[in-house]
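First comes the structure, then the notes that go with it.
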Number of protein chains: 2
Amino acid sequence: MQFDAPLALQSGASLRDYQLAYETYGSLNADRSNAVLICHALNASHHVAGVYAGQDRSEGWWDTMIGPGKPVDTDRFFVIGVNNLGSCFGSTGPMHVNPDTGRVYGADFPVVTVEDWVDAQARLLDGLGIAQLAAVMGGSLGGMQALSWTLQYPQRVRHAVVVASAPNLNAENIAFNEVARRAIVTDPDFHSGHFYQHGVVPKRGLRIARMIGHITYLSDDVMNEKFGRQLRQGLDLRYTTQDIEFQIESYLRYQGDKFSEYFDANTYLLITRALDYFDPARRTGGNLARALAVAQARFLLVSFSTDWRFSPKRSGEIVKALLDNGRDVSYAEIDAPHGHDAFLLEDPRYLGLVRSYFDRIAAQAPAAVRELPSGAVL
Amino acid sequence: MQFDAPLALQSGASLRDYQLAYETYGSLNADRSNAVLICHALNASHHVAGVYAGQDRSEGWWDTMIGPGKPVDTDRFFVIGVNNLGSCFGSTGPMHVNPDTGRVYGADFPVVTVEDWVDAQARLLDGLGIAQLAAVMGGSLGGMQALSWTLQYPQRVRHAVVVASAPNLNAENIAFNEVARRAIVTDPDFHSGHFYQHGVVPKRGLRIARMIGHITYLSDDVMNEKFGRQLRQGLDLRYTTQDIEFQIESYLRYQGDKFSEYFDANTYLLITRALDYFDPARRTGGNLARALAVAQARFLLVSFSTDWRFSPKRSGEIVKALLDNGRDVSYAEIDAPHGHDAFLLEDPRYLGLVRSYFDRIAAQAPAAVRELPSGAVL
């Protein structure tokens with residue numbers, strides 16, 4: 001969808017003549033009350049589910065969760081996937097032309113925040129004629145957007161599903177982001193973010209960034225179980241500092257190489273910064289309960305026991321702050337071995353929980369959200 | 001000390017005409033029974049304690065631990081600090097000339113292992129006329145060397161003090177090492193490890209390596225306490241992807257810059273590989289108790305509650321394997337907030353514990369080690 005009116009950004013800059021790539025699944029019902037918006041995390045897109053023509057299997061990043069008969073059932077809900085501004089999968093981003101200069105944005109693409117993305121998503125809903133969402137849902141950075149929706153547009157969200165997320169990044173999270181950004185920015189092929197006109201891509205930096213990311217997505221346990229100290233080739237050590245010796249090295253290099261082939265370096269900087277900046281309690285002097293007081297939605301929060309990137313403790317902070325405000329909150333910590341990645345994986349308890357919650361959403365009349373929430377915890 | 005006889009390495013290669021830099025503190029007693037060898041970790045050296053002439057304060061990396069009247073009391077013990085082969089603080093390493101070719105080793109410096117280092121250290125002791133150590137001691141990778149001493153030279157070690165260490169690296173540890181190595185190796189200034197003759201240093205890679213390292217040395221808690229989400233300049237966000245916004249970013253960049261000024265890139269590769277390779281239970285099919293059966297020394301093991309790089313659980317594996325063999329083991333998990341770094345910091349309980357242990361060593365007649373160990377746990 002094309003937008004001509006400038007979007008005022010949190011930084012003070014604004015963006016005009018921008019485009020949002022989106023996909024929809026299922027049908028919008030007559031009273032337009034069954035829309036579910038899916039917000040993506042770092043490297044995903046609007047393609048959340050389903051199979052494109054000519055493909056064998058889905059490349060949708062949340063295809064385990066969303067589709068006909070699935071937990072978020074597209075036979076009942078009208079699901080919208082949207083690619084965020086600054087990303088590199090179709091919406092306006094650093095590799096597009098800046099209408100003010102006629103040149104590719106590159107590093108000049110304005111810094112975008114979770115709040116800016118939510119504002120842009122709200123405009124998309126306006127364009128689709130959707131006044132209120134049955135639910136907004138996301139994992140990780142996507143969960144931050146879902147939470148922010150309930151603060152920026154409290155009347156437009158009946159339910160928020162916030163998975164494996166946090167009320168803000170802690171110092172360690174920011175630190176990992178910063179190392180990844182430095183790897184990209186100091187790659188000589190980055191050219192201060194204007195590498196497009198040099199015909200190169202800072203692949204070295206992107207590889208390192210992705211390798212660091214991957215380590216933090218997985219739990220210690222799952223890494224030990226999947227790779228342990230397994231050698232790549234048989235049992236013999238080769239004694240080499242630069243070649244691959246252990247399976248885990250091979251895995252990480254592969255992930256890094258793959259990522260560097262398709263992901264945009266400036267997008268990586270922008271999206272990690274959006275993560276760093278998100279902190280709704282900043283405007284209330286660190287008081288999260290006060291920051292969330294404006295929310296009207298009902299909430300499902302889910303965390304995973306071995307997620308050390310966005311630990312259950314961080315979801316717990318959101319739950320507590322919502323309960324302090326008397327909000328209706330369901331919360332589950334799923335005992336899963338997969339670390340942060342668990343939110344994208346098939347886990348029967350997790351999927352069953354989300355299915356039940358969406359059953360409840362479907363059963364509720366849209367007007368229910370205007371009653372005073374009860375503050376019950378499942 | 002200069003060594004002419006070739007040292008056979010685990011890889012099958014050998015090293016000749018090499019030098020080991022070392023320092024000693026205190027005096028060797030008449031029966032040569034009070035020597036304590038200190039083994040260093042990744043970026044430390046033989047300069048473990050004391051103040052060099054013309055300096056205000058000690059640059060010794062374990063000066064809190066070692067010195068007159070300190071837990072390892074140099075008024076009673078003859079302490080030896082040694083720089084390992086392949087390091088960059090005086091012992092023969094990648095920046096030295098290969099006597100076989102007349103050219104600087106660079107990436108051709110042979111891969112060295114913990115076992116190779118211990119063999120080299122044993123030759124140093126031969127040169128100093130020390131048949132048996134009162135104790136060998138080290139933290140992290142240094143603890144691995146202390147443990148390996150008890151396996152390679154069981155008769156030459158009365159006590160081993162193994163701090164914040166592990167019986168081997170797990171997949172996550174190897175993964176972090178591998179990302180750091182890739183950052184160095186893919187820096188265009190690395191020149192396949194022969195950067196010396198190009199007059200450059202792969203500083204970009206070294207900075208990234210050090211930043212990753214630093215994150216893993218600190219605990220989540222201590223990072224949150226020290227830095228949290230504090231901004232660098234006052235309260236205003238500046239909305240920038242490449243400039244520093246948070247204090248933690250400033251800290252990491254500073255650490256990375258400082259490190260890249262003095263540390264050798266090939267040494268970084270070699271030392272992280274020595275960490276990766278260490279695994280005494282490899283030769284016993286993963287059975288650590290069988291691998292440690294040969295040890296005769298008495299042991300003190302210390303771990304730190306918030307150390308997620310070498311967690312208490314890993315020290316516990318060593319303790320269990322030693323007890324399974326009826327060895328005399330003291331073990332303490334210190335409840336410290338500082339993560340892996342705690343082993344270098346001043347903590348009264350930790351320093352008190354080591355002090356008591358060395359009091360016990362001093363009280364014991366050297367012959368005591370030849371009695372059957374009792375298997376008691378403090």
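Naming works like this for the structure tokens: A, B, ... for the chains as they're shown, residue 1 at the start of each chain, ligands 1 onward in shown order.
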
Each residue of chain A with at least one atom at most 7 Å from chain B should appear once, together with its nearest atom pair and the corresponding distance in Å (one decimal); atoms considered: only C-alpha atoms; ordering: chain, then increasing residue number; output as a Markdown table.
| residue | atom | partner | partner_atom | distance |
| --- | --- | --- | --- | --- |
| A:Ser11 | CA | B:Tyr239 | CA | 5.9 |
| A:Val111 | CA | B:Tyr239 | CA | 6.0 |
| A:Asn170 | CA | B:Gly228 | CA | 6.1 |
| A:Ala171 | CA | B:Gly228 | CA | 4.9 |
| A:Glu172 | CA | B:Asp220 | CA | 6.0 |
| A:Ala175 | CA | B:Glu249 | CA | 6.3 |
| A:Glu178 | CA | B:Glu249 | CA | 6.3 |
| A:Val179 | CA | B:Ile208 | CA | 6.3 |
| A:Ala183 | CA | B:Ile208 | CA | 6.5 |
| A:Thr186 | CA | B:Arg204 | CA | 6.5 |
| A:Arg204 | CA | B:Thr186 | CA | 6.5 |
| A:Ile208 | CA | B:Val179 | CA | 6.3 |
| A:Met211 | CA | B:Val179 | CA | 6.5 |
| A:Ile212 | CA | B:Val179 | CA | 6.9 |
| A:Ile215 | CA | B:Glu172 | CA | 7.0 |
| A:Asp220 | CA | B:Glu172 | CA | 6.0 |
| A:Met223 | CA | B:Ala171 | CA | 5.8 |
| A:Asn224 | CA | B:Ala171 | CA | 5.4 |
| A:Phe227 | CA | B:Ala171 | CA | 6.4 |
| A:Gly228 | CA | B:Ala171 | CA | 4.9 |
| A:Arg229 | CA | B:Ala171 | CA | 6.0 |
| A:Tyr239 | CA | B:Ser11 | CA | 5.9 |
| A:Thr240 | CA | B:Val111 | CA | 6.6 |
| A:Thr241 | CA | B:Leu269 | CA | 5.8 |
| A:Ile248 | CA | B:Ala175 | CA | 6.4 |
| A:Glu249 | CA | B:Glu178 | CA | 6.3 |
| A:Leu269 | CA | B:Thr241 | CA | 5.8 |
| A:Leu270 | CA | B:Thr241 | CA | 6.3 |
| A:Arg273 | CA | B:Thr241 | CA | 6.2 |

Print the selection's residues with C-alpha atoms to a file, as a compact mmCIF listing (two decimals), in the first residue's frame.
# COMPACT_ATOMS: atom_id res chain seq x y z
CA SER A 11 13.18 11.08 16.06
CA VAL A 111 15.85 5.92 12.42
CA ASN A 170 18.76 -4.95 29.13
CA ALA A 171 22.43 -3.98 28.92
CA GLU A 172 23.50 -7.41 27.69
CA ALA A 175 25.69 -5.11 24.00
CA GLU A 178 26.17 -3.20 19.37
CA VAL A 179 28.81 -5.82 18.56
CA ALA A 183 30.92 -5.73 12.75
CA THR A 186 33.52 -1.47 10.32
CA ARG A 204 31.70 -10.03 6.39
CA ILE A 208 29.37 -11.96 12.09
CA MET A 211 26.45 -15.68 13.97
CA ILE A 212 26.21 -13.65 17.18
CA ILE A 215 24.11 -17.97 19.50
CA ASP A 220 23.00 -23.62 25.93
CA MET A 223 23.37 -26.32 21.44
CA ASN A 224 24.96 -29.03 23.55
CA PHE A 227 26.18 -30.04 18.38
CA GLY A 228 28.04 -30.60 21.62
CA ARG A 229 31.74 -31.05 20.86
CA TYR A 239 44.69 -28.80 14.52
CA THR A 240 43.74 -25.71 12.61
CA THR A 241 42.86 -22.19 13.70
CA ILE A 248 28.88 -25.92 15.69
CA GLU A 249 31.37 -23.86 13.65
CA LEU A 269 21.29 -1.45 12.02
CA LEU A 270 17.81 0.09 11.99
CA ARG A 273 18.25 0.11 17.10

### Query
Which residues, written as an MDAnalysis selection string, have at least one atom at most 12 Å from Gly129 of chain B, with only C-alpha atoms counted and residues fewer than 2 positions away on the same chain left out?
chainID B and resid 28:33 35 122:127 131:133

For N, CA and C atoms, I'd like the residues from the last selection saved as a compact mmCIF listing (two decimals), in the first residue's frame.
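Resulting contents of part37.txt:
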# COMPACT_ATOMS: atom_id res chain seq x y z
N LEU B 28 62.94 -19.34 46.48
CA LEU B 28 62.85 -20.80 46.51
C LEU B 28 63.54 -21.27 47.80
N ASN B 29 62.88 -22.13 48.57
CA ASN B 29 63.49 -22.57 49.83
C ASN B 29 64.56 -23.64 49.57
N ALA B 30 65.22 -24.03 50.65
CA ALA B 30 66.39 -24.89 50.51
C ALA B 30 66.06 -26.23 49.86
N ASP B 31 64.92 -26.82 50.25
CA ASP B 31 64.59 -28.12 49.65
C ASP B 31 63.72 -27.97 48.39
N ARG B 32 63.63 -26.74 47.89
CA ARG B 32 62.95 -26.47 46.62
C ARG B 32 61.51 -27.00 46.61
N SER B 33 60.85 -26.85 47.73
CA SER B 33 59.51 -27.44 47.86
C SER B 33 58.39 -26.39 47.91
N ALA B 35 57.53 -23.99 45.50
CA ALA B 35 57.25 -23.33 44.22
C ALA B 35 55.77 -23.43 43.84
N ALA B 122 56.83 -27.49 32.10
CA ALA B 122 57.63 -28.50 32.82
C ALA B 122 59.12 -28.34 32.50
N ARG B 123 59.40 -28.01 31.26
CA ARG B 123 60.81 -27.78 30.89
C ARG B 123 61.36 -26.54 31.58
N LEU B 124 60.49 -25.54 31.73
CA LEU B 124 60.92 -24.34 32.45
C LEU B 124 61.28 -24.71 33.89
N LEU B 125 60.44 -25.53 34.52
CA LEU B 125 60.72 -25.97 35.90
C LEU B 125 62.02 -26.76 35.96
N ASP B 126 62.25 -27.61 34.95
CA ASP B 126 63.52 -28.34 34.88
C ASP B 126 64.68 -27.35 34.90
N GLY B 127 64.52 -26.32 34.08
CA GLY B 127 65.58 -25.31 33.99
C GLY B 127 65.79 -24.58 35.30
N ALA B 131 61.74 -29.89 40.98
CA ALA B 131 61.24 -31.21 40.64
C ALA B 131 59.74 -31.31 40.86
N GLN B 132 59.28 -30.64 41.92
CA GLN B 132 57.87 -30.75 42.27
C GLN B 132 57.32 -29.40 42.71
N LEU B 133 56.10 -29.11 42.26
CA LEU B 133 55.43 -27.85 42.63
C LEU B 133 54.64 -28.05 43.92

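These are the residues of segment 176-306 of chain A assigned strand (DSSP E or B) by DSSP from backbone coordinates: Leu231, Phe246, Arg298, Phe299, Leu300, Leu301, Val302, Ser303 and Phe304 of chain A.
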
Deliver the residues from the most recent selection as a file, using C-alpha atoms, as a compact mmCIF listing (two decimals), in the first residue's frame.
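See result24.txt below for the written result:
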# COMPACT_ATOMS: atom_id res chain seq x y z
CA LEU A 231 33.83 -32.82 15.16
CA PHE A 246 33.63 -28.60 15.24
CA ARG A 298 -6.78 -8.28 27.22
CA PHE A 299 -3.41 -9.98 27.12
CA LEU A 300 -1.80 -13.32 26.54
CA LEU A 301 1.88 -13.41 27.41
CA VAL A 302 4.06 -16.43 26.72
CA SER A 303 7.69 -16.97 27.63
CA PHE A 304 10.05 -19.93 27.31

### Message
Residues near segment 151-154 of chain A, anyone? I mean within 8 Å using only C-alpha atoms, not counting same-chain ones fewer than 5 positions away, as a PyMOL selection string.
### Response
chain A and resi 115+118+292+294-297

### Query
What lies within 10 Å of segment 194-201 of chain B using only C-alpha atoms, ignoring chain neighbours under 5 positions off, as a PyMOL selection string?
chain B and resi 94-95+103-108+184+187-189+206+260-261+263-266

Keeping N, CA and C atoms for every residue in the selection just given, could you write it to a file as a PDB file, in the first residue's frame?
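Output contents, as saved in selection-v7.pdb:
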ATOM      1  N   PRO B  94      53.629 -16.048  17.219  1.00  0.00           N
ATOM      2  CA  PRO B  94      53.454 -15.829  15.782  1.00  0.00           C
ATOM      3  C   PRO B  94      54.221 -14.634  15.220  1.00  0.00           C
ATOM      4  N   MET B  95      54.569 -13.674  16.078  1.00  0.00           N
ATOM      5  CA  MET B  95      55.270 -12.498  15.555  1.00  0.00           C
ATOM      6  C   MET B  95      56.791 -12.668  15.539  1.00  0.00           C
ATOM      7  N   ARG B 103      61.562 -16.496   8.194  1.00  0.00           N
ATOM      8  CA  ARG B 103      60.473 -15.504   8.085  1.00  0.00           C
ATOM      9  C   ARG B 103      59.604 -15.539   9.350  1.00  0.00           C
ATOM     10  N   VAL B 104      58.889 -14.455   9.570  1.00  0.00           N
ATOM     11  CA  VAL B 104      57.993 -14.382  10.726  1.00  0.00           C
ATOM     12  C   VAL B 104      56.941 -15.487  10.603  1.00  0.00           C
ATOM     13  N   TYR B 105      56.664 -16.174  11.718  1.00  0.00           N
ATOM     14  CA  TYR B 105      55.690 -17.271  11.692  1.00  0.00           C
ATOM     15  C   TYR B 105      54.319 -16.837  11.152  1.00  0.00           C
ATOM     16  N   GLY B 106      53.748 -15.804  11.753  1.00  0.00           N
ATOM     17  CA  GLY B 106      52.373 -15.424  11.392  1.00  0.00           C
ATOM     18  C   GLY B 106      51.450 -16.612  11.582  1.00  0.00           C
ATOM     19  N   ALA B 107      50.612 -16.856  10.582  1.00  0.00           N
ATOM     20  CA  ALA B 107      49.630 -17.941  10.678  1.00  0.00           C
ATOM     21  C   ALA B 107      50.277 -19.315  10.637  1.00  0.00           C
ATOM     22  N   ASP B 108      51.590 -19.383  10.333  1.00  0.00           N
ATOM     23  CA  ASP B 108      52.263 -20.685  10.289  1.00  0.00           C
ATOM     24  C   ASP B 108      52.749 -21.145  11.655  1.00  0.00           C
ATOM     25  N   ILE B 184      38.202 -11.837  13.091  1.00  0.00           N
ATOM     26  CA  ILE B 184      39.624 -11.551  12.855  1.00  0.00           C
ATOM     27  C   ILE B 184      40.049 -12.015  11.463  1.00  0.00           C
ATOM     28  N   ASP B 187      38.761  -9.998   8.536  1.00  0.00           N
ATOM     29  CA  ASP B 187      39.206  -8.605   8.438  1.00  0.00           C
ATOM     30  C   ASP B 187      40.206  -8.529   7.280  1.00  0.00           C
ATOM     31  N   PRO B 188      39.981  -7.656   6.292  1.00  0.00           N
ATOM     32  CA  PRO B 188      40.911  -7.602   5.152  1.00  0.00           C
ATOM     33  C   PRO B 188      42.361  -7.327   5.566  1.00  0.00           C
ATOM     34  N   ASP B 189      42.543  -6.724   6.730  1.00  0.00           N
ATOM     35  CA  ASP B 189      43.912  -6.472   7.195  1.00  0.00           C
ATOM     36  C   ASP B 189      44.583  -7.702   7.811  1.00  0.00           C
ATOM     37  N   LEU B 206      39.943  -7.670  15.805  1.00  0.00           N
ATOM     38  CA  LEU B 206      40.327  -7.771  17.217  1.00  0.00           C
ATOM     39  C   LEU B 206      39.324  -7.041  18.112  1.00  0.00           C
ATOM     40  N   SER B 260      42.781  -3.947  20.769  1.00  0.00           N
ATOM     41  CA  SER B 260      43.315  -4.032  19.402  1.00  0.00           C
ATOM     42  C   SER B 260      44.660  -3.332  19.280  1.00  0.00           C
ATOM     43  N   GLU B 261      44.993  -2.506  20.286  1.00  0.00           N
ATOM     44  CA  GLU B 261      46.275  -1.793  20.248  1.00  0.00           C
ATOM     45  C   GLU B 261      47.437  -2.690  20.671  1.00  0.00           C
ATOM     46  N   PHE B 263      47.089  -6.524  21.392  1.00  0.00           N
ATOM     47  CA  PHE B 263      47.017  -7.989  21.321  1.00  0.00           C
ATOM     48  C   PHE B 263      47.245  -8.480  19.897  1.00  0.00           C
ATOM     49  N   ASP B 264      47.924  -9.607  19.790  1.00  0.00           N
ATOM     50  CA  ASP B 264      48.224 -10.147  18.465  1.00  0.00           C
ATOM     51  C   ASP B 264      47.074 -11.007  17.948  1.00  0.00           C
ATOM     52  N   ALA B 265      46.723 -10.799  16.696  1.00  0.00           N
ATOM     53  CA  ALA B 265      45.569 -11.486  16.109  1.00  0.00           C
ATOM     54  C   ALA B 265      45.800 -12.989  15.992  1.00  0.00           C
ATOM     55  N   ASN B 266      47.004 -13.393  15.583  1.00  0.00           N
ATOM     56  CA  ASN B 266      47.276 -14.832  15.486  1.00  0.00           C
ATOM     57  C   ASN B 266      47.265 -15.492  16.865  1.00  0.00           C
TER      58      ASN B 266
END

### Query
So which residues touch Gly352 of chain B within 12 Å, counting only C-alpha atoms, skipping near sequence neighbours fewer than 4 positions away, as a PyMOL selection string?
chain B and resi 64-65+70-72+302+332+334+346-348+356-359

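Interatomic distance, atom CA of Ala135 of chain B against atom CA of Asn34 of chain B: 8.2 Å.
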
### Task
Step one, run DSSP on the backbone; step two, keep only residues of segment 188-260 of chain B assigned to helix (DSSP H, G or I); then write them as number ranges by chain.
B: 188-193, 196-198, 203-217, 220-226, 247-260

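Minimum distance to Ile80 of chain B across B:Asp324, B:Asp100, B:Arg57, B:Gly138 (counting only C-alpha atoms) occurs at B:Gly138.
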
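The residue set within 10 Å of Leu7 of chain A, counting only C-alpha atoms and dropping same-chain residues fewer than 5 places from it, reads Ala13, Ser14, Leu15, Arg16, Asp17, Tyr18, Asp116, Asp119, Ala120 and Arg123 of chain A.
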
Store the residues of this selection in a file with N, CA and C atoms, as a PDB file, in the first residue's frame.
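Saved file out_18.pdb follows:
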ATOM      1  N   ALA A  13      12.261  13.348  12.545  1.00  0.00           N
ATOM      2  CA  ALA A  13      12.266  13.276  11.082  1.00  0.00           C
ATOM      3  C   ALA A  13      10.889  12.835  10.596  1.00  0.00           C
ATOM      4  N   SER A  14      10.695  12.851   9.293  1.00  0.00           N
ATOM      5  CA  SER A  14       9.459  12.279   8.761  1.00  0.00           C
ATOM      6  C   SER A  14       9.747  11.558   7.454  1.00  0.00           C
ATOM      7  N   LEU A  15       8.821  10.727   7.069  1.00  0.00           N
ATOM      8  CA  LEU A  15       8.999   9.871   5.900  1.00  0.00           C
ATOM      9  C   LEU A  15       7.798  10.100   4.993  1.00  0.00           C
ATOM     10  N   ARG A  16       8.044  10.355   3.712  1.00  0.00           N
ATOM     11  CA  ARG A  16       6.903  10.541   2.802  1.00  0.00           C
ATOM     12  C   ARG A  16       7.030   9.610   1.599  1.00  0.00           C
ATOM     13  N   ASP A  17       5.923   9.443   0.894  1.00  0.00           N
ATOM     14  CA  ASP A  17       5.906   8.582  -0.297  1.00  0.00           C
ATOM     15  C   ASP A  17       6.458   7.200   0.015  1.00  0.00           C
ATOM     16  N   TYR A  18       5.936   6.594   1.048  1.00  0.00           N
ATOM     17  CA  TYR A  18       6.456   5.282   1.413  1.00  0.00           C
ATOM     18  C   TYR A  18       5.426   4.200   1.133  1.00  0.00           C
ATOM     19  N   ASP A 116       6.977   4.093  15.783  1.00  0.00           N
ATOM     20  CA  ASP A 116       6.795   4.517  14.387  1.00  0.00           C
ATOM     21  C   ASP A 116       6.177   3.389  13.568  1.00  0.00           C
ATOM     22  N   ASP A 119       2.535   3.185  14.321  1.00  0.00           N
ATOM     23  CA  ASP A 119       1.814   4.264  13.628  1.00  0.00           C
ATOM     24  C   ASP A 119       1.598   3.918  12.151  1.00  0.00           C
ATOM     25  N   ALA A 120       2.635   3.392  11.529  1.00  0.00           N
ATOM     26  CA  ALA A 120       2.518   3.028  10.111  1.00  0.00           C
ATOM     27  C   ALA A 120       1.530   1.882   9.933  1.00  0.00           C
ATOM     28  N   ARG A 123      -1.989   3.115  10.024  1.00  0.00           N
ATOM     29  CA  ARG A 123      -2.394   3.706   8.736  1.00  0.00           C
ATOM     30  C   ARG A 123      -2.773   2.627   7.727  1.00  0.00           C
TER      31      ARG A 123
END

#### Entry: Counting only C-alpha atoms, the option among B:Gln2, B:Gln364, B:Gln255, B:Ser165 closest to Gly316 of chain B
B:Ser165

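Each of A:Tyr262, A:Tyr217, A:Tyr52, A:Tyr254 was checked against Pro337 of chain A using only C-alpha atoms; the smallest atom-to-atom distance is that of A:Tyr217.
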
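The two atoms in question, atom CA of Ser311 of chain B and atom CA of Lys313 of chain A, are spaced 20.2 Å apart.
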